[in-house]
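One file, work-v5.txt, carrying compact mmCIF, C-alpha atoms:
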# COMPACT_ATOMS: atom_id res chain seq x y z
CA MET I 1 -36.29 37.00 -30.81
CA ALA I 2 -35.86 40.52 -29.48
CA ARG I 3 -38.03 42.13 -26.82
CA GLY I 4 -39.29 45.46 -28.15
CA THR I 5 -40.50 48.25 -25.91
CA GLY I 6 -43.10 49.79 -28.19
CA PRO I 7 -45.37 51.59 -28.50
CA PHE I 8 -47.52 48.91 -30.14
CA ALA I 9 -51.10 49.01 -31.43
CA ASN I 10 -53.55 46.25 -32.33
CA THR I 11 -57.15 45.81 -33.39
CA LEU I 12 -58.99 42.65 -32.37
CA ARG I 13 -62.24 41.56 -34.04
CA PHE I 14 -64.54 38.87 -32.63
CA THR I 15 -67.52 37.26 -34.35
CA SER I 16 -69.49 34.85 -32.16
CA GLU I 17 -72.34 32.41 -32.68
CA LEU I 18 -74.11 31.33 -29.50
CA VAL I 19 -76.48 28.41 -29.02
CA SER I 20 -78.20 28.34 -25.63
CA ARG I 21 -80.63 25.84 -24.19
CA VAL I 22 -82.70 26.76 -21.13
CA ASP I 23 -84.46 23.62 -19.96
CA SER I 24 -85.98 22.42 -23.28
CA VAL I 25 -85.96 25.75 -25.19
CA GLN I 26 -83.09 26.36 -27.62
CA ARG I 27 -82.05 29.80 -28.87
CA HIS I 28 -79.53 31.02 -31.45
CA ASP I 29 -77.79 34.42 -31.19
CA SER I 30 -74.82 36.12 -32.80
CA SER I 31 -72.65 39.06 -31.86
CA HIS I 32 -69.53 40.89 -32.96
CA ALA I 33 -67.05 43.18 -31.27
CA VAL I 34 -64.02 45.33 -32.03
CA VAL I 35 -61.31 46.21 -29.50
CA VAL I 36 -58.52 48.73 -30.22
CA VAL I 37 -55.54 48.76 -27.87
CA ALA I 38 -52.24 50.64 -27.57
CA TRP I 39 -49.53 49.35 -25.23
CA SER I 40 -45.82 49.31 -24.46
CA ARG I 41 -43.11 47.61 -22.38
CA PRO I 42 -40.35 49.19 -20.26
CA PRO I 43 -36.75 49.00 -21.54
CA LEU I 44 -34.71 45.86 -20.89
CA GLY I 45 -33.40 45.70 -17.37
CA GLY I 46 -36.61 47.11 -15.95
CA PRO I 47 -39.41 45.12 -14.31
CA ALA I 48 -41.24 42.58 -16.48
CA ARG I 49 -44.44 44.50 -17.02
CA LEU I 50 -46.51 46.19 -19.70
CA SER I 51 -49.13 48.91 -19.72
CA GLY I 52 -51.50 50.53 -22.13
CA LEU I 53 -54.96 51.77 -23.01
CA VAL I 54 -58.05 50.19 -24.53
CA ARG I 55 -58.94 53.07 -26.83
CA ASP I 56 -62.09 51.65 -28.41
CA PHE I 57 -64.53 48.90 -27.48
CA ARG I 58 -67.66 48.42 -29.56
CA VAL I 59 -70.18 45.59 -29.77
CA GLY I 60 -73.12 44.66 -31.98
CA GLU I 61 -75.80 41.99 -32.10
CA GLY I 62 -76.66 39.99 -35.19
CA SER I 63 -76.03 42.11 -38.28
CA GLY I 64 -76.49 45.35 -36.34
CA ASP I 65 -73.99 48.18 -36.27
CA LEU I 66 -71.16 48.27 -33.77
CA ARG I 67 -71.86 50.63 -30.90
CA PRO I 68 -69.91 51.70 -27.81
CA LEU I 69 -71.10 50.54 -24.40
CA PRO I 70 -72.60 53.65 -22.75
CA ALA I 71 -71.46 52.62 -19.26
CA LEU I 72 -67.84 51.96 -20.29
CA ARG I 73 -65.60 55.00 -19.94
CA LEU I 74 -62.86 55.05 -22.57
CA PRO I 75 -59.94 54.87 -22.68
CA VAL I 76 -59.50 52.05 -20.16
CA PRO I 77 -55.97 52.03 -18.70
CA PHE I 78 -54.40 48.71 -17.75
CA ALA I 79 -51.19 47.30 -16.31
CA ALA I 80 -49.85 43.75 -16.33
CA LEU I 81 -46.93 42.00 -14.64
CA GLY I 82 -44.78 39.24 -16.09
CA GLY I 83 -44.37 38.34 -19.72
CA ASP I 84 -40.71 37.32 -19.78
CA GLY I 85 -39.21 33.85 -19.78
CA GLY I 86 -42.37 32.17 -21.06
CA GLU I 87 -44.63 33.74 -18.45
CA VAL I 88 -48.10 34.98 -19.34
CA PRO I 89 -48.61 38.64 -18.35
CA ARG I 90 -51.05 38.92 -15.45
CA ILE I 91 -53.48 41.80 -15.87
CA GLU I 92 -53.64 43.39 -12.43
CA VAL I 93 -55.12 46.85 -13.02
CA PRO I 94 -58.07 46.77 -13.08
CA PRO I 95 -58.33 43.36 -11.34
CA SER I 96 -59.92 40.78 -13.62
CA GLY I 97 -62.12 39.44 -10.82
CA ALA I 98 -63.84 42.78 -10.25
CA CYS I 99 -66.82 41.83 -12.47
CA GLY I 100 -66.95 45.35 -13.92
CA LEU I 101 -67.09 46.57 -17.50
CA ALA I 102 -63.49 47.81 -17.39
CA ALA I 103 -62.22 44.35 -16.43
CA ALA I 104 -64.40 42.73 -19.12
CA ALA I 105 -62.96 45.07 -21.76
CA LEU I 106 -59.47 43.72 -20.98
CA GLN I 107 -60.24 40.02 -21.34
CA PRO I 108 -59.70 39.99 -25.15
CA LEU I 109 -56.15 41.28 -24.69
CA ARG I 110 -55.01 37.83 -23.56
CA GLU I 111 -55.01 36.87 -27.25
CA LEU I 112 -52.15 39.33 -27.86
CA PHE I 113 -49.54 38.47 -25.28
CA VAL I 114 -46.91 35.93 -26.35
CA SER I 115 -43.53 35.23 -24.71
CA PRO I 116 -41.42 33.21 -27.18
CA PRO I 117 -37.95 31.84 -26.37
CA PRO I 118 -34.95 34.05 -27.26
CA SER I 119 -34.15 31.90 -30.31
CA VAL I 120 -36.64 30.06 -32.54
CA GLU I 121 -36.58 28.02 -35.73
CA VAL I 122 -39.10 25.90 -37.59
CA GLY I 123 -40.28 23.23 -35.17
CA THR I 124 -39.49 25.16 -31.99
CA ALA I 125 -42.27 24.51 -29.46
CA TRP I 126 -43.13 25.90 -26.05
CA SER I 127 -46.14 26.33 -23.80
CA ASP I 128 -47.53 28.62 -21.13
CA SER I 129 -50.30 28.43 -18.57
CA SER I 130 -52.22 30.86 -16.42
CA ASN I 131 -54.93 31.07 -13.81
CA TYR I 132 -57.22 34.07 -13.65
CA THR I 133 -60.76 35.17 -12.92
CA LEU I 134 -63.42 36.42 -15.31
CA CYS I 135 -67.09 37.16 -14.80
CA ARG I 136 -70.13 35.88 -16.59
CA ASP I 137 -73.54 37.28 -15.66
CA SER I 138 -71.94 38.81 -12.53
CA ILE I 139 -70.66 35.40 -11.35
CA PRO I 140 -66.86 35.12 -10.99
CA LEU I 141 -65.33 32.13 -12.78
CA ALA I 142 -61.93 30.62 -11.98
CA VAL I 143 -60.19 29.96 -15.31
CA THR I 144 -57.21 27.70 -16.03
CA SER I 145 -55.66 28.17 -19.46
CA VAL I 146 -52.94 26.12 -21.17
CA ARG I 147 -51.55 27.25 -24.53
CA ARG I 148 -49.08 25.41 -26.77
CA TYR I 149 -47.05 27.04 -29.54
CA ARG I 150 -45.11 25.72 -32.53
CA VAL I 151 -43.11 27.69 -35.10
CA VAL I 152 -44.21 26.65 -38.59
CA GLY I 153 -42.30 29.06 -40.81
CA ALA I 154 -41.54 32.63 -41.79
CA GLU I 155 -42.98 34.95 -44.39
CA ARG I 156 -42.03 38.26 -45.95
CA ARG I 157 -44.83 40.82 -45.88
CA ALA I 158 -45.06 44.49 -46.80
CA THR I 159 -43.91 45.49 -43.32
CA GLY I 160 -41.05 42.96 -43.18
CA VAL I 161 -40.43 39.34 -42.23
CA VAL I 162 -42.77 37.72 -39.70
CA VAL I 163 -42.48 34.42 -37.84
CA LEU I 164 -45.53 32.16 -38.24
CA ILE I 165 -46.70 30.31 -35.15
CA ASP I 166 -49.55 27.88 -34.60
CA ARG I 167 -51.12 28.07 -31.15
CA SER I 168 -53.58 25.63 -29.58
CA SER I 169 -55.32 26.37 -26.31
CA ARG I 170 -57.53 24.67 -23.75
CA VAL I 171 -59.42 26.30 -20.88
CA THR I 172 -61.51 25.07 -17.97
CA LEU I 173 -63.89 27.27 -15.97
CA PHE I 174 -65.78 26.90 -12.72
CA GLY I 175 -67.72 29.25 -10.49
CA GLU I 176 -70.59 29.61 -8.06
CA GLY I 177 -72.86 32.54 -7.28
CA ALA I 178 -76.42 33.76 -7.10
CA GLN I 179 -78.87 35.38 -9.52
CA PHE I 180 -82.31 36.63 -8.53
CA GLY I 181 -81.95 34.86 -5.19
CA GLU I 182 -81.10 31.47 -6.70
CA ARG I 183 -77.78 29.73 -6.10
CA LEU I 184 -76.06 28.71 -9.33
CA SER I 185 -73.00 26.74 -10.33
CA LEU I 186 -71.20 27.17 -13.66
CA ALA I 187 -68.69 24.83 -15.25
CA GLY I 188 -67.22 24.76 -18.71
CA GLU I 189 -64.36 23.96 -21.02
CA GLY I 190 -63.11 25.29 -24.30
CA ALA I 191 -60.48 24.86 -26.98
CA GLY I 192 -59.10 26.95 -29.80
CA THR I 193 -56.49 27.28 -32.52
CA MET I 194 -54.76 30.40 -33.86
CA ARG I 195 -52.23 31.18 -36.57
CA LEU I 196 -50.12 34.09 -35.31
CA ALA I 197 -47.63 36.30 -37.15
CA LEU I 198 -44.92 37.70 -34.84
CA ASP I 199 -42.52 40.52 -35.52
CA PRO I 200 -39.09 39.02 -34.62
CA ALA I 201 -37.71 42.49 -33.82
CA SER I 202 -40.19 42.98 -30.95
CA SER I 203 -41.71 39.53 -30.19
CA THR I 204 -45.19 40.99 -30.65
CA VAL I 205 -48.22 39.77 -32.57
CA VAL I 206 -48.81 41.83 -35.72
CA ALA I 207 -51.55 39.61 -37.18
CA GLY I 208 -53.52 36.50 -36.40
CA HIS I 209 -56.68 34.56 -37.06
CA GLY I 210 -58.37 31.53 -35.55
CA ASP I 211 -61.38 30.00 -33.83
CA THR I 212 -62.42 29.05 -30.32
CA GLU I 213 -65.23 26.86 -29.02
CA LEU I 214 -66.60 27.23 -25.49
CA ARG I 215 -69.15 25.01 -23.73
CA LEU I 216 -70.65 26.22 -20.46
CA THR I 217 -73.25 24.63 -18.19
CA MET I 218 -75.20 26.54 -15.55
CA ARG I 219 -77.19 24.63 -12.95
CA GLY I 220 -79.60 25.88 -10.31
CA ARG I 221 -82.42 24.51 -8.22
CA ARG I 222 -85.15 25.74 -10.56
CA ARG I 223 -83.46 25.93 -13.94
CA SER I 224 -80.54 24.75 -16.04
CA GLN I 225 -78.82 26.27 -19.05
CA ASP I 226 -76.31 24.92 -21.58
CA LEU I 227 -74.29 27.28 -23.78
CA ARG I 228 -72.11 26.61 -26.80
CA GLN I 229 -70.22 29.58 -28.24
CA HIS I 230 -68.09 29.56 -31.38
CA THR I 231 -65.93 32.64 -31.92
CA ARG I 232 -63.86 33.71 -34.91
CA ILE I 233 -60.91 35.96 -33.95
CA GLU I 234 -58.88 38.30 -36.16
CA ILE I 235 -55.91 40.40 -35.03
CA THR I 236 -54.43 43.22 -37.10
CA SER I 237 -51.93 46.04 -36.64
CA PRO I 238 -52.00 49.49 -38.21
Structure encoded using structure tokens:
Amino acid sequence: MARGTGPFANTLRFTSELVSRVDSVQRHDSSHAVVVVAWSRPPLGGPARLSGLVRDFRVGEGSGDLRPLPALRLPVPFAALGGDGGEVPRIEVPPSGACGLAAAALQPLRELFVSPPPSVEVGTAWSDSSNYTLCRDSIPLAVTSVRRYRVVGAERRATGVVVLIDRSSRVTLFGEGAQFGERLSLAGEGAGTMRLALDPASSTVVAGHGDTELRLTMRGRRRSQDLRQHTRIEITSP
């Protein structure tokens, strides 16, 4: 599969259902979000990196309308290193562990970046792994992610032939911090599946859909909380 330079553009849509239990009280919430990103790679022979802009980031609760986050200044520029030879690009600008809105806006982009082998056929399989930091309620979490891919076919669409890939993923999370003067520890794990459509001329995701499930436990001296979040993901291209 070729390595295109771009520019590329994608829209990611997330619909989440959250069940939280604080001590003995259970609560159900839902949310949805849309992220629009434009990005590119340097020509072959240059450093393995990519860069781009998050042009739009909107969120909504329940059935409410999508709205921009007032404190998030758009567009959000980003840069990542790696992404060749099966590596997962590492988002380095802004740093993911900064616990700011700009870093949070970049977390969904991890769904986009795929580094397939140079040649694939039905049954070709590979995997990648990464370690990074994300923040939840201002507490940094160390994340380990392992993703496995398998080519399941090809399909002709209006824009041309795409390669169909099934991806499964597993993540573990752990972190410690403080809220309102109380020390807290967070631990969790998650799993997901995606069906991705890749453009063989550029090795980029042009469409995808799937689901993830995340379970997170927060423990403190005075309170405990258990979270279960199910998210439906859809990726499209203009």
Would you be able to write out as a ChimeraX atom specification which residues have an atom within 6 Å of (-43.1, 42.9, -40.3) in the file's coordinates, counting only C-alpha atoms?
/I:159-162,199
For the residues selected in the previous step, produce a file with C-alpha atoms as a short mmCIF file (atom, residue, chain, number, x, y, z; two decimals), in the frame of the given file.
data_model
loop_
_atom_site.label_atom_id
_atom_site.label_comp_id
_atom_site.auth_asym_id
_atom_site.auth_seq_id
_atom_site.Cartn_x
_atom_site.Cartn_y
_atom_site.Cartn_z
CA THR I 159 -43.91 45.49 -43.32
CA GLY I 160 -41.05 42.96 -43.18
CA VAL I 161 -40.43 39.34 -42.23
CA VAL I 162 -42.77 37.72 -39.70
CA ASP I 199 -42.52 40.52 -35.52
#
Got a sec: who's within 10 Å of Ala104 of chain I, counting all atoms listed in the file, leaving out chain neighbours fewer than 2 positions off, as a PyMOL selection string?
chain I and resi 72+94-102+106-108+134-136
As a VMD selection string, please: the residues near segment 19-33 of chain I (cut-off 12 Å, all atoms listed in the file, same-chain neighbours under 2 positions excluded).
chain I and resid 11 to 17 35 to 36 56 to 69 105 108 213 to 234
Point-to-point distance in Å for atom CA of Leu196 of chain I and atom CA of Arg167 of chain I:
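Computing it gives 7.4 Å between the two atoms.
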Please list, as a PyMOL selection string, the residues that have an atom at most 7 Å away from (-52.3, 46.6, -32.2) in the coordinates of this file, counting all atoms listed in the file.
chain I and resi 8-11+36-38+206+236-238
Please report the interatomic distance between atom CA of Gly208 of chain I and atom CA of Phe113 of chain I in Å with one decimal.
12.0 Å
